[in-house]
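Asker: If you scroll down you'll find the structure; I have some questions about it.
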Amino acid sequence: MKNNATRIITILIMASVIGFLFSAAPAYAEQAVTVSDINLGLVGEEDFANGYVFLPRVPVFWDSDVPWRLTIQSLGADLGAGDDGMTDKSLSDLLWKLSDEENWLPVTQDPEEVEWSMESGTGVVYIDLVVLIDWLYDSPGQYQVDLTFRIEILPETS
Amino acid sequence: MYEKNARCVKARSFIIILITVFLSTLVITSPVSADSEDITGFTMTVTEVRSLEISASSAFFVPGVRELLDGESSPQTWVASVSANVDWVLTIRGAESFWEGPWDKPVSDILWEYDGSGWLALSTEPVEIRSGGPSNQEAYPISVKVNLDIEQDIPGEYYYGYVVLELSSP
């Protein structure tokens, strides 16, 4: 009886020590993401002629001591209306992609995964933004929306 | 016997403590979600934009005998293409009162017409051709011809600069 208890105790102690030593993740994950406000400035004739405004390589700075994923989402349902207040500019007119990739995706109110990594540390992810411009609907005025960039622990299913 | 039972109880208690510590270790060493977010303002300012494109930057008239006898040149058509995100008005005017050439041929010898409105003499005062709202490359054909007078229009090179088409605020 005494020998069994001693064995169990020894095994548990070893398991605890091994579990503690080999656990890569800290008790509390430290994560941060920073993005400066984005101002496209004045949209003029050339932009209308092109049909869009292109903003390349917006830096998204991240800091994480655990595997992470970065998401983007809009807090607003649209980009607001021009000075005439007639029509709200659709949120789907705002598109994003990773700078080194090709596929554009519309910004939505649901979080979309921008990037993920098993690596911890600090770094920067560059994204491109495009706003579609239309002569018929984009009346003069200031359009704006708040975007949320979130960094979180990479789910094990990712 | 009693001492042996006491040792068993102590051993069980110790095992329970160790199991608790073990499980706690597993729980604690799993990262606790501490996700972070940054709310970024996205802003753009759309200005008033009116854009006008003309199909021709210059026009040449070489009237023949028939045209001189008829008193007018063959008409030419210019296409004004309008794009705007606000209301607009398209006007036409002459920049000078007279042509340059063998004689002071008046600006009014240039005639224009839009959409069957009838031929109108060009003047240095702007005249509205058409107005509208937000448009994307709406095309407006404008016909132009020159009045000819076989007695006054002596041979030579006549130059008129410029016929001004403007897109502006109503």
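Scheme for the structure tokens: letters A, B, ... for chains in order shown; per-chain residue numbers from 1; ligand numbers from 1 in order shown.
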Could you name the residues that touch stretch 152-168 of chain B at 9 Å or less, counting only C-alpha atoms, but leaving out those on the same chain fewer than 5 positions away, as an MDAnalysis selection string?
Answerer: chainID B and resid 50:52 54 58 68 80 82 87:96 98:103 105 107 122 126
Asker: Using only C-alpha atoms, which protein or nucleic acid residues come within 7 Å of stretch 81-89 of chain A? Drop anything in the same chain fewer than 2 positions from it, and give the result as a ChimeraX atom specification.
Answerer: /A:78-79,91,139-143
Asker: Given the selection you just returned, output its residues as a file containing C-alpha atoms, formatted as a PDB file, in the first residue's frame.
Answerer:
ATOM      1  CA  ASP A  78     -22.052  51.649 -43.876  1.00  0.00           C
ATOM      2  CA  LEU A  79     -19.659  54.514 -44.622  1.00  0.00           C
ATOM      3  CA  LEU A  91     -19.822  49.110 -46.566  1.00  0.00           C
ATOM      4  CA  SER A 139     -21.927  62.914 -53.600  1.00  0.00           C
ATOM      5  CA  PRO A 140     -19.566  65.392 -51.954  1.00  0.00           C
ATOM      6  CA  GLY A 141     -18.987  65.012 -48.239  1.00  0.00           C
ATOM      7  CA  GLN A 142     -17.016  63.140 -45.640  1.00  0.00           C
ATOM      8  CA  TYR A 143     -17.454  59.423 -45.349  1.00  0.00           C
TER       9      TYR A 143
END
Asker: Would you list the contacts of stretch 121-134 of chain A as a ChimeraX atom specification, taking every protein, DNA or RNA residue within 8 Å and counting only C-alpha atoms, but skipping same-chain residues closer than 5 positions in sequence?
Answerer: /A:47-48,51-66,93-99,115
Asker: Given the selection you just returned, output its residues as a file containing N, CA and C atoms, formatted as a PDB file, in the first residue's frame.
Answerer:
ATOM      1  N   ASP A  47      -9.625  59.957 -59.157  1.00  0.00           N
ATOM      2  CA  ASP A  47     -10.163  58.792 -58.434  1.00  0.00           C
ATOM      3  C   ASP A  47     -11.495  58.344 -59.033  1.00  0.00           C
ATOM      4  N   PHE A  48     -12.339  59.344 -59.372  1.00  0.00           N
ATOM      5  CA  PHE A  48     -13.616  58.998 -60.005  1.00  0.00           C
ATOM      6  C   PHE A  48     -13.382  58.330 -61.359  1.00  0.00           C
ATOM      7  N   GLY A  51     -12.384  54.928 -60.744  1.00  0.00           N
ATOM      8  CA  GLY A  51     -13.459  54.134 -60.154  1.00  0.00           C
ATOM      9  C   GLY A  51     -13.129  53.610 -58.769  1.00  0.00           C
ATOM     10  N   TYR A  52     -11.993  54.005 -58.261  1.00  0.00           N
ATOM     11  CA  TYR A  52     -11.606  53.536 -56.919  1.00  0.00           C
ATOM     12  C   TYR A  52     -10.478  54.411 -56.369  1.00  0.00           C
ATOM     13  N   VAL A  53     -10.284  54.282 -55.064  1.00  0.00           N
ATOM     14  CA  VAL A  53      -9.119  54.871 -54.406  1.00  0.00           C
ATOM     15  C   VAL A  53      -8.349  53.726 -53.771  1.00  0.00           C
ATOM     16  N   PHE A  54      -7.066  53.685 -54.031  1.00  0.00           N
ATOM     17  CA  PHE A  54      -6.227  52.581 -53.570  1.00  0.00           C
ATOM     18  C   PHE A  54      -5.286  53.070 -52.476  1.00  0.00           C
ATOM     19  N   LEU A  55      -5.305  52.407 -51.360  1.00  0.00           N
ATOM     20  CA  LEU A  55      -4.398  52.763 -50.271  1.00  0.00           C
ATOM     21  C   LEU A  55      -3.541  51.533 -49.951  1.00  0.00           C
ATOM     22  N   PRO A  56      -2.273  51.539 -50.390  1.00  0.00           N
ATOM     23  CA  PRO A  56      -1.447  50.350 -50.201  1.00  0.00           C
ATOM     24  C   PRO A  56      -0.746  50.312 -48.843  1.00  0.00           C
ATOM     25  N   ARG A  57      -0.485  49.121 -48.415  1.00  0.00           N
ATOM     26  CA  ARG A  57       0.415  48.828 -47.303  1.00  0.00           C
ATOM     27  C   ARG A  57       0.122  49.633 -46.024  1.00  0.00           C
ATOM     28  N   VAL A  58      -1.071  49.419 -45.522  1.00  0.00           N
ATOM     29  CA  VAL A  58      -1.411  49.973 -44.209  1.00  0.00           C
ATOM     30  C   VAL A  58      -0.806  49.044 -43.155  1.00  0.00           C
ATOM     31  N   PRO A  59       0.069  49.561 -42.297  1.00  0.00           N
ATOM     32  CA  PRO A  59       0.712  48.670 -41.330  1.00  0.00           C
ATOM     33  C   PRO A  59      -0.182  48.369 -40.126  1.00  0.00           C
ATOM     34  N   VAL A  60      -0.233  47.100 -39.802  1.00  0.00           N
ATOM     35  CA  VAL A  60      -0.944  46.651 -38.597  1.00  0.00           C
ATOM     36  C   VAL A  60       0.104  45.999 -37.696  1.00  0.00           C
ATOM     37  N   PHE A  61       0.432  46.675 -36.635  1.00  0.00           N
ATOM     38  CA  PHE A  61       1.484  46.180 -35.743  1.00  0.00           C
ATOM     39  C   PHE A  61       0.889  45.220 -34.718  1.00  0.00           C
ATOM     40  N   TRP A  62       1.540  44.098 -34.547  1.00  0.00           N
ATOM     41  CA  TRP A  62       1.027  43.120 -33.586  1.00  0.00           C
ATOM     42  C   TRP A  62       2.117  42.716 -32.598  1.00  0.00           C
ATOM     43  N   ASP A  63       1.652  42.271 -31.469  1.00  0.00           N
ATOM     44  CA  ASP A  63       2.549  41.827 -30.389  1.00  0.00           C
ATOM     45  C   ASP A  63       1.822  40.708 -29.656  1.00  0.00           C
ATOM     46  N   SER A  64       2.440  39.549 -29.610  1.00  0.00           N
ATOM     47  CA  SER A  64       1.767  38.429 -28.951  1.00  0.00           C
ATOM     48  C   SER A  64       2.798  37.433 -28.448  1.00  0.00           C
ATOM     49  N   ASP A  65       2.572  36.911 -27.275  1.00  0.00           N
ATOM     50  CA  ASP A  65       3.498  35.895 -26.759  1.00  0.00           C
ATOM     51  C   ASP A  65       2.892  34.494 -26.851  1.00  0.00           C
ATOM     52  N   VAL A  66       1.842  34.379 -27.651  1.00  0.00           N
ATOM     53  CA  VAL A  66       1.239  33.072 -27.941  1.00  0.00           C
ATOM     54  C   VAL A  66       0.890  33.045 -29.425  1.00  0.00           C
ATOM     55  N   ASP A  93     -18.395  48.743 -50.409  1.00  0.00           N
ATOM     56  CA  ASP A  93     -17.497  49.523 -51.277  1.00  0.00           C
ATOM     57  C   ASP A  93     -16.082  49.572 -50.715  1.00  0.00           C
ATOM     58  N   LEU A  94     -15.930  49.133 -49.476  1.00  0.00           N
ATOM     59  CA  LEU A  94     -14.603  49.126 -48.841  1.00  0.00           C
ATOM     60  C   LEU A  94     -14.063  47.691 -48.846  1.00  0.00           C
ATOM     61  N   LEU A  95     -12.944  47.515 -49.528  1.00  0.00           N
ATOM     62  CA  LEU A  95     -12.352  46.179 -49.676  1.00  0.00           C
ATOM     63  C   LEU A  95     -10.950  46.167 -49.089  1.00  0.00           C
ATOM     64  N   TRP A  96     -10.517  44.976 -48.693  1.00  0.00           N
ATOM     65  CA  TRP A  96      -9.170  44.834 -48.146  1.00  0.00           C
ATOM     66  C   TRP A  96      -8.544  43.544 -48.666  1.00  0.00           C
ATOM     67  N   LYS A  97      -7.231  43.523 -48.601  1.00  0.00           N
ATOM     68  CA  LYS A  97      -6.494  42.280 -48.853  1.00  0.00           C
ATOM     69  C   LYS A  97      -5.124  42.396 -48.205  1.00  0.00           C
ATOM     70  N   LEU A  98      -4.518  41.273 -47.962  1.00  0.00           N
ATOM     71  CA  LEU A  98      -3.125  41.302 -47.539  1.00  0.00           C
ATOM     72  C   LEU A  98      -2.305  41.865 -48.697  1.00  0.00           C
ATOM     73  N   SER A  99      -1.308  42.670 -48.385  1.00  0.00           N
ATOM     74  CA  SER A  99      -0.564  43.361 -49.446  1.00  0.00           C
ATOM     75  C   SER A  99       0.129  42.400 -50.401  1.00  0.00           C
ATOM     76  N   GLU A 115      -4.764  37.395 -40.792  1.00  0.00           N
ATOM     77  CA  GLU A 115      -3.513  36.639 -40.756  1.00  0.00           C
ATOM     78  C   GLU A 115      -3.464  35.848 -39.464  1.00  0.00           C
TER      79      GLU A 115
END
Asker: Pick out each residue of stretch 30-138 of chain A that DSSP on the backbone tags as strand (DSSP E); I need them as a VMD selection string.
Answerer: chain A and resid 31 to 34 38 to 43 52 to 64 68 to 74 78 to 81 88 to 90 94 to 98 105 to 106 112 to 117 121 to 132
